[in-house]
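Visitor: Input file: protein17.cif. Contents: mmCIF, C-alpha atoms.
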data_my_file
loop_
_atom_site.group_PDB
_atom_site.id
_atom_site.type_symbol
_atom_site.label_atom_id
_atom_site.label_comp_id
_atom_site.auth_asym_id
_atom_site.auth_seq_id
_atom_site.Cartn_x
_atom_site.Cartn_y
_atom_site.Cartn_z
ATOM 1 C CA MET C 1 -44.956 14.022 21.676
ATOM 2 C CA LYS C 2 -44.785 10.652 19.911
ATOM 3 C CA LYS C 3 -43.479 12.339 16.753
ATOM 4 C CA THR C 4 -40.757 14.099 18.768
ATOM 5 C CA ILE C 5 -39.609 10.825 20.319
ATOM 6 C CA ILE C 6 -39.427 9.182 16.887
ATOM 7 C CA LEU C 7 -37.381 12.063 15.494
ATOM 8 C CA MET C 8 -35.016 11.892 18.468
ATOM 9 C CA ALA C 9 -34.612 8.151 17.955
ATOM 10 C CA ILE C 10 -33.808 8.679 14.272
ATOM 11 C CA SER C 11 -31.237 11.361 15.166
ATOM 12 C CA LEU C 12 -29.544 9.079 17.706
ATOM 13 C CA PHE C 13 -29.486 6.255 15.146
ATOM 14 C CA MET C 14 -27.831 8.513 12.563
ATOM 15 C CA LEU C 15 -25.328 9.780 15.142
ATOM 16 C CA SER C 16 -24.370 6.243 16.107
ATOM 17 C CA GLY C 17 -23.735 5.523 12.427
ATOM 18 C CA ILE C 18 -21.288 8.423 12.259
ATOM 19 C CA ASN C 19 -19.560 7.313 15.452
ATOM 20 C CA ALA C 20 -19.242 3.804 14.089
ATOM 21 C CA GLN C 21 -16.789 5.104 11.486
ATOM 22 C CA THR C 22 -14.534 6.883 13.986
ATOM 23 C CA LYS C 23 -11.234 5.047 14.435
ATOM 24 C CA GLN C 24 -9.999 4.880 18.004
ATOM 25 C CA LEU C 25 -6.561 4.119 19.361
ATOM 26 C CA THR C 26 -5.321 3.606 22.913
ATOM 27 C CA ILE C 27 -1.657 4.469 23.434
ATOM 28 C CA LYS C 28 0.802 3.297 26.075
ATOM 29 C CA LYS C 29 2.846 5.297 28.504
ATOM 30 C CA GLY C 30 6.594 4.881 28.029
ATOM 31 C CA THR C 31 9.898 6.643 28.629
ATOM 32 C CA ASN C 32 11.468 9.687 26.989
ATOM 33 C CA LEU C 33 13.578 9.252 23.857
ATOM 34 C CA SER C 34 17.200 10.322 24.188
ATOM 35 C CA THR C 35 17.403 11.434 20.543
ATOM 36 C CA ILE C 36 14.999 12.461 17.795
ATOM 37 C CA ASP C 37 16.519 11.231 14.537
ATOM 38 C CA GLY C 38 13.602 10.342 12.242
ATOM 39 C CA LYS C 39 14.421 6.633 12.204
ATOM 40 C CA GLY C 40 11.981 5.225 14.752
ATOM 41 C CA ASP C 41 14.367 2.410 15.727
ATOM 42 C CA ASP C 42 14.885 3.292 19.388
ATOM 43 C CA GLU C 43 14.110 0.647 21.994
ATOM 44 C CA GLN C 44 11.041 2.582 23.166
ATOM 45 C CA TRP C 45 9.377 2.134 19.772
ATOM 46 C CA GLN C 46 9.812 -1.642 19.690
ATOM 47 C CA ASP C 47 6.886 -2.293 22.015
ATOM 48 C CA VAL C 48 4.506 0.090 20.212
ATOM 49 C CA ASP C 49 2.133 -1.328 17.605
ATOM 50 C CA PRO C 50 2.166 0.253 14.108
ATOM 51 C CA VAL C 51 -1.130 1.658 12.840
ATOM 52 C CA ALA C 52 -1.817 1.694 9.109
ATOM 53 C CA ILE C 53 -2.376 4.950 7.241
ATOM 54 C CA ASP C 54 -4.182 3.553 4.228
ATOM 55 C CA THR C 55 -7.438 5.436 3.703
ATOM 56 C CA PRO C 56 -7.459 7.428 0.440
ATOM 57 C CA PHE C 57 -8.416 11.068 0.809
ATOM 58 C CA GLY C 58 -11.422 11.566 -1.450
ATOM 59 C CA ASN C 59 -10.736 9.934 -4.819
ATOM 60 C CA GLU C 60 -6.981 10.439 -4.673
ATOM 61 C CA ASN C 61 -4.781 7.438 -5.396
ATOM 62 C CA ALA C 62 -1.452 7.713 -3.580
ATOM 63 C CA SER C 63 1.230 5.113 -4.325
ATOM 64 C CA VAL C 64 2.769 5.111 -0.832
ATOM 65 C CA LYS C 65 2.475 2.631 2.029
ATOM 66 C CA ALA C 66 2.520 4.255 5.438
ATOM 67 C CA TRP C 67 1.973 3.643 9.134
ATOM 68 C CA PHE C 68 2.464 5.487 12.402
ATOM 69 C CA LYS C 69 3.355 4.736 16.001
ATOM 70 C CA MET C 70 2.465 6.837 19.007
ATOM 71 C CA TYR C 71 3.049 6.815 22.774
ATOM 72 C CA TYR C 72 3.361 9.274 25.657
ATOM 73 C CA THR C 73 5.417 9.902 28.783
ATOM 74 C CA ASP C 74 5.080 12.220 31.774
ATOM 75 C CA ASP C 75 6.531 14.977 29.596
ATOM 76 C CA TYR C 76 6.020 14.306 25.896
ATOM 77 C CA LEU C 77 3.796 12.904 23.194
ATOM 78 C CA TYR C 78 5.828 10.984 20.601
ATOM 79 C CA VAL C 79 4.726 10.248 17.028
ATOM 80 C CA TYR C 80 6.695 8.385 14.383
ATOM 81 C CA VAL C 81 5.444 8.124 10.781
ATOM 82 C CA ASP C 82 7.016 5.673 8.342
ATOM 83 C CA VAL C 83 6.467 6.044 4.589
ATOM 84 C CA THR C 84 7.475 3.669 1.790
ATOM 85 C CA ASP C 85 7.654 5.769 -1.375
ATOM 86 C CA ASP C 86 9.311 4.689 -4.615
ATOM 87 C CA VAL C 87 9.440 8.242 -5.983
ATOM 88 C CA HIS C 88 10.437 10.886 -3.424
ATOM 89 C CA VAL C 89 9.505 14.364 -4.676
ATOM 90 C CA PRO C 90 9.850 16.916 -1.872
ATOM 91 C CA VAL C 91 9.184 20.582 -2.438
ATOM 92 C CA TRP C 92 12.848 21.432 -2.928
ATOM 93 C CA VAL C 93 12.927 19.051 -5.904
ATOM 94 C CA GLY C 94 9.556 19.744 -7.475
ATOM 95 C CA LYS C 95 8.873 23.451 -7.152
ATOM 96 C CA ALA C 96 9.486 25.840 -10.023
ATOM 97 C CA ASP C 97 12.225 28.451 -9.692
ATOM 98 C CA ASN C 98 9.670 31.251 -9.450
ATOM 99 C CA GLU C 99 7.642 29.541 -6.709
ATOM 100 C CA LYS C 100 8.087 30.139 -2.991
ATOM 101 C CA VAL C 101 8.324 27.093 -0.744
ATOM 102 C CA LYS C 102 5.787 28.499 1.724
ATOM 103 C CA ASP C 103 3.194 28.751 -1.066
ATOM 104 C CA VAL C 104 3.503 25.264 -2.582
ATOM 105 C CA HIS C 105 4.973 22.867 0.016
ATOM 106 C CA GLN C 106 1.565 21.273 0.659
ATOM 107 C CA PHE C 107 1.563 19.785 -2.862
ATOM 108 C CA TYR C 108 4.748 17.722 -2.416
ATOM 109 C CA ASP C 109 5.870 14.731 -0.354
ATOM 110 C CA LYS C 110 5.399 15.396 3.336
ATOM 111 C CA VAL C 111 3.733 14.213 6.546
ATOM 112 C CA GLU C 112 1.068 16.198 8.375
ATOM 113 C CA ILE C 113 -0.190 15.365 11.876
ATOM 114 C CA TYR C 114 -3.192 16.969 13.551
ATOM 115 C CA PHE C 115 -4.399 17.340 17.137
ATOM 116 C CA ASP C 116 -7.600 18.582 18.771
ATOM 117 C CA VAL C 117 -7.187 18.948 22.558
ATOM 118 C CA ASN C 118 -10.609 20.444 23.302
ATOM 119 C CA ASP C 119 -13.378 18.791 25.309
ATOM 120 C CA ASN C 120 -15.729 19.007 22.292
ATOM 121 C CA LEU C 121 -14.244 17.289 19.236
ATOM 122 C CA LYS C 122 -17.177 18.124 16.973
ATOM 123 C CA ASP C 123 -16.889 21.897 16.713
ATOM 124 C CA GLY C 124 -16.405 22.164 12.943
ATOM 125 C CA ASN C 125 -12.934 23.654 13.322
ATOM 126 C CA GLY C 126 -9.339 22.824 12.437
ATOM 127 C CA PRO C 127 -5.939 24.473 12.832
ATOM 128 C CA ALA C 128 -6.220 26.544 9.652
ATOM 129 C CA TYR C 129 -4.882 30.075 9.855
ATOM 130 C CA ILE C 130 -7.589 32.092 8.150
ATOM 131 C CA GLY C 131 -6.717 35.672 7.302
ATOM 132 C CA THR C 132 -9.268 38.444 7.577
ATOM 133 C CA GLU C 133 -9.771 41.412 5.312
ATOM 134 C CA GLY C 134 -7.351 44.188 6.164
ATOM 135 C CA GLY C 135 -4.811 41.862 7.784
ATOM 136 C CA GLY C 136 -4.697 39.739 10.867
ATOM 137 C CA GLY C 137 -6.349 36.337 11.094
ATOM 138 C CA THR C 138 -7.651 33.636 13.393
ATOM 139 C CA ILE C 139 -6.764 30.099 14.376
ATOM 140 C CA ALA C 140 -9.405 27.969 16.121
ATOM 141 C CA PRO C 141 -7.989 27.431 19.658
ATOM 142 C CA GLY C 142 -7.061 23.920 20.710
ATOM 143 C CA HIS C 143 -6.303 22.681 17.177
ATOM 144 C CA TYR C 144 -2.763 21.961 16.008
ATOM 145 C CA GLN C 145 -1.090 20.978 12.756
ATOM 146 C CA PHE C 146 2.570 19.923 12.455
ATOM 147 C CA ALA C 147 3.522 19.557 8.803
ATOM 148 C CA PRO C 148 7.249 20.078 8.232
ATOM 149 C CA TRP C 149 8.363 20.212 4.617
ATOM 150 C CA PHE C 150 11.601 18.635 3.457
ATOM 151 C CA GLU C 151 14.628 20.829 2.841
ATOM 152 C CA GLU C 152 17.615 19.657 0.818
ATOM 153 C CA ASP C 153 20.068 20.031 3.692
ATOM 154 C CA GLY C 154 17.570 19.231 6.461
ATOM 155 C CA TYR C 155 17.598 15.418 6.505
ATOM 156 C CA ASP C 156 18.786 13.795 9.746
ATOM 157 C CA SER C 157 18.901 17.195 11.455
ATOM 158 C CA PRO C 158 16.429 17.612 14.346
ATOM 159 C CA PHE C 159 14.949 21.079 14.709
ATOM 160 C CA LEU C 160 12.302 23.026 16.600
ATOM 161 C CA MET C 161 9.280 24.040 14.545
ATOM 162 C CA SER C 162 8.531 27.745 14.587
ATOM 163 C CA GLY C 163 5.658 29.818 13.313
ATOM 164 C CA LEU C 164 2.336 31.408 14.123
ATOM 165 C CA LEU C 165 0.369 28.296 13.121
ATOM 166 C CA PHE C 166 1.893 26.304 15.972
ATOM 167 C CA GLY C 167 0.554 28.722 18.589
ATOM 168 C CA SER C 168 1.695 27.797 22.100
ATOM 169 C CA MET C 169 3.821 25.023 20.588
ATOM 170 C CA SER C 170 6.035 27.324 18.490
ATOM 171 C CA ASP C 171 9.740 26.652 19.171
ATOM 172 C CA GLN C 172 8.708 23.769 21.447
ATOM 173 C CA ALA C 173 7.995 20.868 19.055
ATOM 174 C CA MET C 174 11.040 18.838 18.001
ATOM 175 C CA VAL C 175 10.964 17.055 14.631
ATOM 176 C CA CYS C 176 13.416 15.159 12.444
ATOM 177 C CA TYR C 177 13.025 13.470 9.062
ATOM 178 C CA SER C 178 15.322 10.855 7.587
ATOM 179 C CA LEU C 179 15.654 9.036 4.252
ATOM 180 C CA ARG C 180 16.194 5.290 4.242
ATOM 181 C CA GLU C 181 19.634 4.229 3.104
ATOM 182 C CA ASP C 182 18.174 2.563 -0.001
ATOM 183 C CA TYR C 183 15.999 5.636 -0.771
ATOM 184 C CA SER C 184 12.851 3.500 -0.656
ATOM 185 C CA GLY C 185 11.107 5.828 1.750
ATOM 186 C CA TYR C 186 11.482 8.043 4.785
ATOM 187 C CA GLY C 187 10.535 8.508 8.415
ATOM 188 C CA VAL C 188 9.404 11.549 10.375
ATOM 189 C CA GLU C 189 9.659 11.662 14.165
ATOM 190 C CA PHE C 190 7.978 14.162 16.488
ATOM 191 C CA GLU C 191 8.514 15.027 20.160
ATOM 192 C CA LEU C 192 5.727 17.263 21.481
ATOM 193 C CA PRO C 193 5.707 18.617 25.073
ATOM 194 C CA LEU C 194 2.363 17.818 26.674
ATOM 195 C CA LYS C 195 2.312 20.943 28.828
ATOM 196 C CA LYS C 196 2.497 23.264 25.813
ATOM 197 C CA PHE C 197 -0.851 22.190 24.357
ATOM 198 C CA LEU C 198 -3.448 24.904 25.014
ATOM 199 C CA ASN C 199 -7.196 24.245 24.739
ATOM 200 C CA ASP C 200 -10.067 26.565 23.795
ATOM 201 C CA LYS C 201 -10.605 27.491 27.447
ATOM 202 C CA GLY C 202 -7.110 28.945 27.700
ATOM 203 C CA GLU C 203 -5.860 26.023 29.809
ATOM 204 C CA TYR C 204 -2.486 24.326 29.354
ATOM 205 C CA LEU C 205 -2.895 20.567 29.547
ATOM 206 C CA SER C 206 -1.042 18.251 31.929
ATOM 207 C CA LYS C 207 -0.444 14.529 31.496
ATOM 208 C CA GLU C 208 -3.424 13.918 33.775
ATOM 209 C CA ALA C 209 -5.572 16.219 31.650
ATOM 210 C CA PHE C 210 -4.708 14.209 28.524
ATOM 211 C CA GLU C 211 -5.513 10.972 30.332
ATOM 212 C CA ASN C 212 -8.933 12.354 31.263
ATOM 213 C CA LEU C 213 -10.051 14.156 28.100
ATOM 214 C CA PRO C 214 -13.839 13.540 28.039
ATOM 215 C CA GLN C 215 -13.938 12.595 24.358
ATOM 216 C CA GLY C 216 -10.295 11.621 23.972
ATOM 217 C CA LEU C 217 -7.673 13.392 21.870
ATOM 218 C CA GLY C 218 -8.664 14.254 18.315
ATOM 219 C CA PHE C 219 -5.888 13.039 16.014
ATOM 220 C CA ASP C 220 -5.120 12.345 12.384
ATOM 221 C CA VAL C 221 -2.227 11.801 9.988
ATOM 222 C CA THR C 222 -2.067 12.828 6.338
ATOM 223 C CA VAL C 223 0.695 11.600 4.038
ATOM 224 C CA VAL C 224 1.094 13.651 0.868
ATOM 225 C CA ASP C 225 2.474 11.880 -2.205
ATOM 226 C CA ASN C 226 3.769 13.552 -5.367
ATOM 227 C CA ASP C 227 5.248 11.345 -8.091
ATOM 228 C CA ALA C 228 6.082 14.104 -10.607
ATOM 229 C CA ASP C 229 3.502 12.534 -12.922
ATOM 230 C CA ASP C 230 1.447 15.666 -13.616
ATOM 231 C CA LEU C 231 -1.336 14.309 -11.408
ATOM 232 C CA GLY C 232 -0.499 16.600 -8.505
ATOM 233 C CA ARG C 233 -0.656 15.513 -4.894
ATOM 234 C CA LYS C 234 -2.332 12.316 -3.758
ATOM 235 C CA ARG C 235 -3.047 11.772 -0.082
ATOM 236 C CA VAL C 236 -3.709 8.932 2.333
ATOM 237 C CA VAL C 237 -5.023 9.523 5.847
ATOM 238 C CA TRP C 238 -5.653 7.591 9.018
ATOM 239 C CA CYS C 239 -9.267 8.626 9.370
ATOM 240 C CA SER C 240 -10.614 11.892 7.907
ATOM 241 C CA SER C 241 -11.116 10.974 4.252
ATOM 242 C CA GLU C 242 -13.786 13.502 3.259
ATOM 243 C CA GLN C 243 -12.745 16.718 5.017
ATOM 244 C CA GLU C 244 -9.251 18.185 5.110
ATOM 245 C CA ALA C 245 -8.238 18.040 8.760
ATOM 246 C CA TYR C 246 -6.529 21.396 8.297
ATOM 247 C CA TYR C 247 -9.929 23.055 7.958
ATOM 248 C CA ASN C 248 -12.197 20.708 9.919
ATOM 249 C CA MET C 249 -11.125 17.967 12.345
ATOM 250 C CA ASP C 250 -14.611 16.566 13.028
ATOM 251 C CA GLY C 251 -13.860 13.479 10.930
ATOM 252 C CA CYS C 252 -10.539 12.663 12.597
ATOM 253 C CA GLY C 253 -9.786 9.687 14.812
ATOM 254 C CA ILE C 254 -9.650 9.546 18.597
ATOM 255 C CA VAL C 255 -6.658 8.694 20.779
ATOM 256 C CA ARG C 256 -7.022 7.657 24.399
ATOM 257 C CA PHE C 257 -4.231 7.436 26.953
ATOM 258 C CA GLY C 258 -3.876 4.111 28.766
ATOM 259 C CA GLN C 259 -1.811 0.954 29.133
ATOM 260 C CA SER C 260 -2.869 -1.028 26.058
ATOM 261 C CA SER C 261 -1.865 -0.187 22.514
ATOM 262 C CA GLY C 262 -2.870 -0.776 18.915
ATOM 263 C CA ILE C 263 -6.242 -0.278 17.232
ATOM 264 C CA GLU C 264 -8.819 -0.562 19.974
ATOM 265 C CA ASN C 265 -12.028 -0.782 17.959
ATOM 266 C CA LEU C 266 -14.505 1.128 15.893
ATOM 267 C CA LYS C 267 -16.784 3.102 18.174
ATOM 268 C CA THR C 268 -20.217 1.510 18.326
ATOM 269 C CA ASP C 269 -23.384 1.796 20.359
ATOM 270 C CA THR C 270 -24.960 -1.464 21.514
ATOM 271 C CA GLY C 271 -28.417 -1.845 20.034
ATOM 272 C CA HIS C 272 -27.787 0.424 17.068
ATOM 273 C CA ALA C 273 -26.884 -0.370 13.486
ATOM 274 C CA LYS C 274 -23.720 -2.424 12.968
ATOM 275 C CA THR C 275 -21.339 -1.649 10.117
ATOM 276 C CA GLY C 276 -20.159 -5.188 9.378
ATOM 277 C CA ILE C 277 -16.720 -3.740 8.627
ATOM 278 C CA CYS C 278 -13.722 -5.620 10.011
ATOM 279 C CA TYR C 279 -10.129 -4.554 10.654
ATOM 280 C CA ASN C 280 -6.907 -6.306 11.596
ATOM 281 C CA LEU C 281 -4.687 -5.042 14.442
ATOM 282 C CA LEU C 282 -2.877 -2.698 12.035
ATOM 283 C CA GLY C 283 -6.157 -0.929 11.326
ATOM 284 C CA MET C 284 -6.444 -2.278 7.766
ATOM 285 C CA ARG C 285 -9.851 -3.407 6.503
ATOM 286 C CA VAL C 286 -10.091 -7.202 6.113
ATOM 287 C CA ASP C 287 -12.691 -9.842 5.244
ATOM 288 C CA ARG C 288 -14.845 -11.079 8.127
ATOM 289 C CA ASN C 289 -13.658 -14.648 7.464
ATOM 290 C CA ARG C 290 -9.970 -13.783 7.838
ATOM 291 C CA LYS C 291 -8.077 -16.026 10.249
ATOM 292 C CA GLY C 292 -6.422 -14.575 13.347
ATOM 293 C CA ILE C 293 -7.430 -11.617 15.523
ATOM 294 C CA ILE C 294 -9.803 -9.168 13.864
ATOM 295 C CA ILE C 295 -12.075 -6.386 15.077
ATOM 296 C CA CYS C 296 -15.690 -6.377 13.883
ATOM 297 C CA ASP C 297 -18.358 -3.943 15.080
ATOM 298 C CA GLY C 298 -16.215 -2.906 18.024
ATOM 299 C CA LYS C 299 -15.443 -6.433 19.243
ATOM 300 C CA LYS C 300 -12.192 -8.395 19.054
ATOM 301 C CA ILE C 301 -12.720 -11.802 17.455
ATOM 302 C CA ILE C 302 -10.204 -14.651 17.365
ATOM 303 C CA LYS C 303 -10.632 -17.081 14.461
#
For this file, write the structure as structure tokens.
Guide:
Amino acid sequence: MKKTIILMAISLFMLSGINAQTKQLTIKKGTNLSTIDGKGDDEQWQDVDPVAIDTPFGNENASVKAWFKMYYTDDYLYVYVDVTDDVHVPVWVGKADNEKVKDVHQFYDKVEIYFDVNDNLKDGNGPAYIGTEGGGGTIAPGHYQFAPWFEEDGYDSPFLMSGLLFGSMSDQAMVCYSLREDYSGYGVEFELPLKKFLNDKGEYLSKEAFENLPQGLGFDVTVVDNDADDLGRKRVVWCSSEQEAYYNMDGCGIVRFGQSSGIENLKTDTGHAKTGICYNLLGMRVDRNRKGIIICDGKKIIK
């Protein structure tokens, strides 16, 4: 019996260590946007804190600087991703003449956002469409990826995303991407209807359901960078740096619906091991001695 208790204690300690690395964000409720234009300069965005996307995926070394904003209304979930990129190489520029866009778009500049709307966020699944022998395929219910690729004549033109991968959200999700006037980067803006998200129990979610998700909303952002330097794609993410969210969202961050905004904290359990890692309000790692407001071991500290 004593041995069992010790093993359980060790397991809980290890679990708390994993949780301590999970980024969490609380988003505000706002009002609907009148236009989706990929610029993120509407009045509604002004009161939303930017969150840094600066964690390298694996050992990849992207040269971009990126952040996202996010809020919700009674009807929609809005996400805006801003990317500073000195060399913009979308698929329509970089692909070979004999390559099909649908086969290679994931290796060129683009933004990917991921959602897990299930009650259990640690199910080992992602939104990947996995074909089976003889045709057909499966998508793990409750997981969504929105990853529009750039088209030469598609900038500044909002459109509805279509396709099997989007499941219940096909032809419902509005997106628009826009280049900065000085070509120093781009923005991608998403408008996603809350009531079109379907979980693994076959239930469409309401605003109230999102506000009461038991573990929060699983969420992540991946920014793909290709500099035409023969090094292929390099990615930065918000949270899941070891597993591709497309295949497994267990390492993604958590979004909760409320009235505050910005990085809330790193999830910790009182009495368990502390990480000693500190972040500023943009979610970027900083030194513990940094002046201002920082977040260390789940607590806001003013220095």
Visitor: Can you list what the PyMOL selection byres ((chain C and resi 221) around 9) grabs from this structure, as a PyMOL selection string?
Guide: chain C and resi 53+68+81+111-114+219-220+222-223+236-240+245+252
Visitor: Next, write the just-selected residues to a file, as a CSV table (one decimal), in the frame of the given file, keeping C-alpha atoms as the atom set.
Guide:
chain,number,residue,atom,x,y,z
C,53,ILE,CA,-2.4,5.0,7.2
C,68,PHE,CA,2.5,5.5,12.4
C,81,VAL,CA,5.4,8.1,10.8
C,111,VAL,CA,3.7,14.2,6.5
C,112,GLU,CA,1.1,16.2,8.4
C,113,ILE,CA,-0.2,15.4,11.9
C,114,TYR,CA,-3.2,17.0,13.6
C,219,PHE,CA,-5.9,13.0,16.0
C,220,ASP,CA,-5.1,12.3,12.4
C,222,THR,CA,-2.1,12.8,6.3
C,223,VAL,CA,0.7,11.6,4.0
C,236,VAL,CA,-3.7,8.9,2.3
C,237,VAL,CA,-5.0,9.5,5.8
C,238,TRP,CA,-5.7,7.6,9.0
C,239,CYS,CA,-9.3,8.6,9.4
C,240,SER,CA,-10.6,11.9,7.9
C,245,ALA,CA,-8.2,18.0,8.8
C,252,CYS,CA,-10.5,12.7,12.6
Visitor: When you look at range 147-155 of chain C with a cut-off of 10 Å (counting only C-alpha atoms), what residues show up, excluding the ones that are within fewer than 5 positions of it in the same chain? I need them as a VMD selection string.
Guide: chain C and resid 37 to 38 89 to 93 101 to 102 105 to 106 108 to 114 161 166 175 to 179 186 188 221 to 223
Visitor: Given only C-alpha atoms as the basis, pick out the residue of C:Leu198, C:Leu121, C:Leu33, C:Ala62 nearest to Asp75 in chain C.
Guide: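 Distance minimum relative to Asp75 in chain C lands on C:Leu33.
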Visitor: Rank nothing, just name the residue among C:Asn212, C:Gln172, C:Asn59, C:Gln44 nearest to Thr31 in chain C, using all atoms listed in the file.
Guide: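 Ranking C:Asn212, C:Gln172, C:Asn59, C:Gln44 by distance to Thr31 in chain C, first place goes to C:Gln44.
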Visitor: What is the distance between CA of Asp41 in chain C and CA of Asp171 in chain C, in Å to one decimal?
Guide: 24.9 Å
Visitor: Would you compute the distance between CA of Leu77 in chain C and CA of Lys39 in chain C? Give it in Å to one decimal.
Guide: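 Distance between the two atoms: 16.5 Å.
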Visitor: Step by step: start from the point (-7.3, 16.3, 32.4) in the file's coordinates, keep every protein, DNA or RNA residue that has an atom no farther than 12 Å from it, count only C-alpha atoms, and write the set as a short mmCIF file (atom, residue, chain, number, x, y, z; two decimals) with C-alpha atoms, in the frame of the given file.
Guide:
data_model
loop_
_atom_site.label_atom_id
_atom_site.label_comp_id
_atom_site.auth_asym_id
_atom_site.auth_seq_id
_atom_site.Cartn_x
_atom_site.Cartn_y
_atom_site.Cartn_z
CA VAL C 117 -7.19 18.95 22.56
CA ASN C 118 -10.61 20.44 23.30
CA ASP C 119 -13.38 18.79 25.31
CA LEU C 194 2.36 17.82 26.67
CA LYS C 195 2.31 20.94 28.83
CA PHE C 197 -0.85 22.19 24.36
CA LEU C 198 -3.45 24.90 25.01
CA ASN C 199 -7.20 24.24 24.74
CA GLU C 203 -5.86 26.02 29.81
CA TYR C 204 -2.49 24.33 29.35
CA LEU C 205 -2.90 20.57 29.55
CA SER C 206 -1.04 18.25 31.93
CA LYS C 207 -0.44 14.53 31.50
CA GLU C 208 -3.42 13.92 33.78
CA ALA C 209 -5.57 16.22 31.65
CA PHE C 210 -4.71 14.21 28.52
CA GLU C 211 -5.51 10.97 30.33
CA ASN C 212 -8.93 12.35 31.26
CA LEU C 213 -10.05 14.16 28.10
CA PRO C 214 -13.84 13.54 28.04
CA GLN C 215 -13.94 12.60 24.36
CA GLY C 216 -10.30 11.62 23.97
CA LEU C 217 -7.67 13.39 21.87
CA ARG C 256 -7.02 7.66 24.40
CA PHE C 257 -4.23 7.44 26.95
#
Visitor: Measuring between all atoms listed in the file, which one of C:Phe107, C:Tyr247, C:Phe159, C:Phe190 shows the shortest distance to Ala228 in chain C?
Guide: C:Phe107
Visitor: What does the structure give for the distance between CA of Tyr71 in chain C and CA of Gln145 in chain C, in Å to one decimal?
Guide: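 Computing it gives 17.8 Å between the two atoms.
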Visitor: Can you list, as a PyMOL selection string, the residues that the PyMOL selection byres ((chain C and resi 63) around 9) selects here?
Guide: chain C and resi 61-62+64-65+84-87+225-227+234-235
Visitor: Name the residues in contact with Lys29 in chain C at a cut-off of 7 Å, using only C-alpha atoms, excluding same-chain residues fewer than 4 positions from it; report them as a short mmCIF file (atom, residue, chain, number, x, y, z; two decimals) with C-alpha atoms, in the frame of the given file.
Guide:
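File written: selection37.cif
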data_model
loop_
_atom_site.label_atom_id
_atom_site.label_comp_id
_atom_site.auth_asym_id
_atom_site.auth_seq_id
_atom_site.Cartn_x
_atom_site.Cartn_y
_atom_site.Cartn_z
CA TYR C 71 3.05 6.82 22.77
CA TYR C 72 3.36 9.27 25.66
CA THR C 73 5.42 9.90 28.78
CA GLY C 258 -3.88 4.11 28.77
CA GLN C 259 -1.81 0.95 29.13
#
Visitor: Could you tell me, as a short mmCIF file (atom, residue, chain, number, x, y, z; two decimals) with C-alpha atoms, keeping the file's coordinate frame, exactly which residues end up selected when the PyMOL selection byres ((chain C and resi 200) around 6) is applied to this structure?
Guide:
data_model
loop_
_atom_site.label_atom_id
_atom_site.label_comp_id
_atom_site.auth_asym_id
_atom_site.auth_seq_id
_atom_site.Cartn_x
_atom_site.Cartn_y
_atom_site.Cartn_z
CA PRO C 141 -7.99 27.43 19.66
CA GLY C 142 -7.06 23.92 20.71
CA ASN C 199 -7.20 24.24 24.74
CA LYS C 201 -10.60 27.49 27.45
CA GLY C 202 -7.11 28.94 27.70
#
Visitor: With all atoms of range 104-109 of chain C from the file as input, state the centre and edge lengths in Å to one decimal of the axis-aligned box that has 8 Å extra on each side, as lines of an AutoDock Vina configuration file.
Guide:
center_x = 3.7
center_y = 20.0
center_z = -1.1
size_x = 20.3
size_y = 26.5
size_z = 19.5
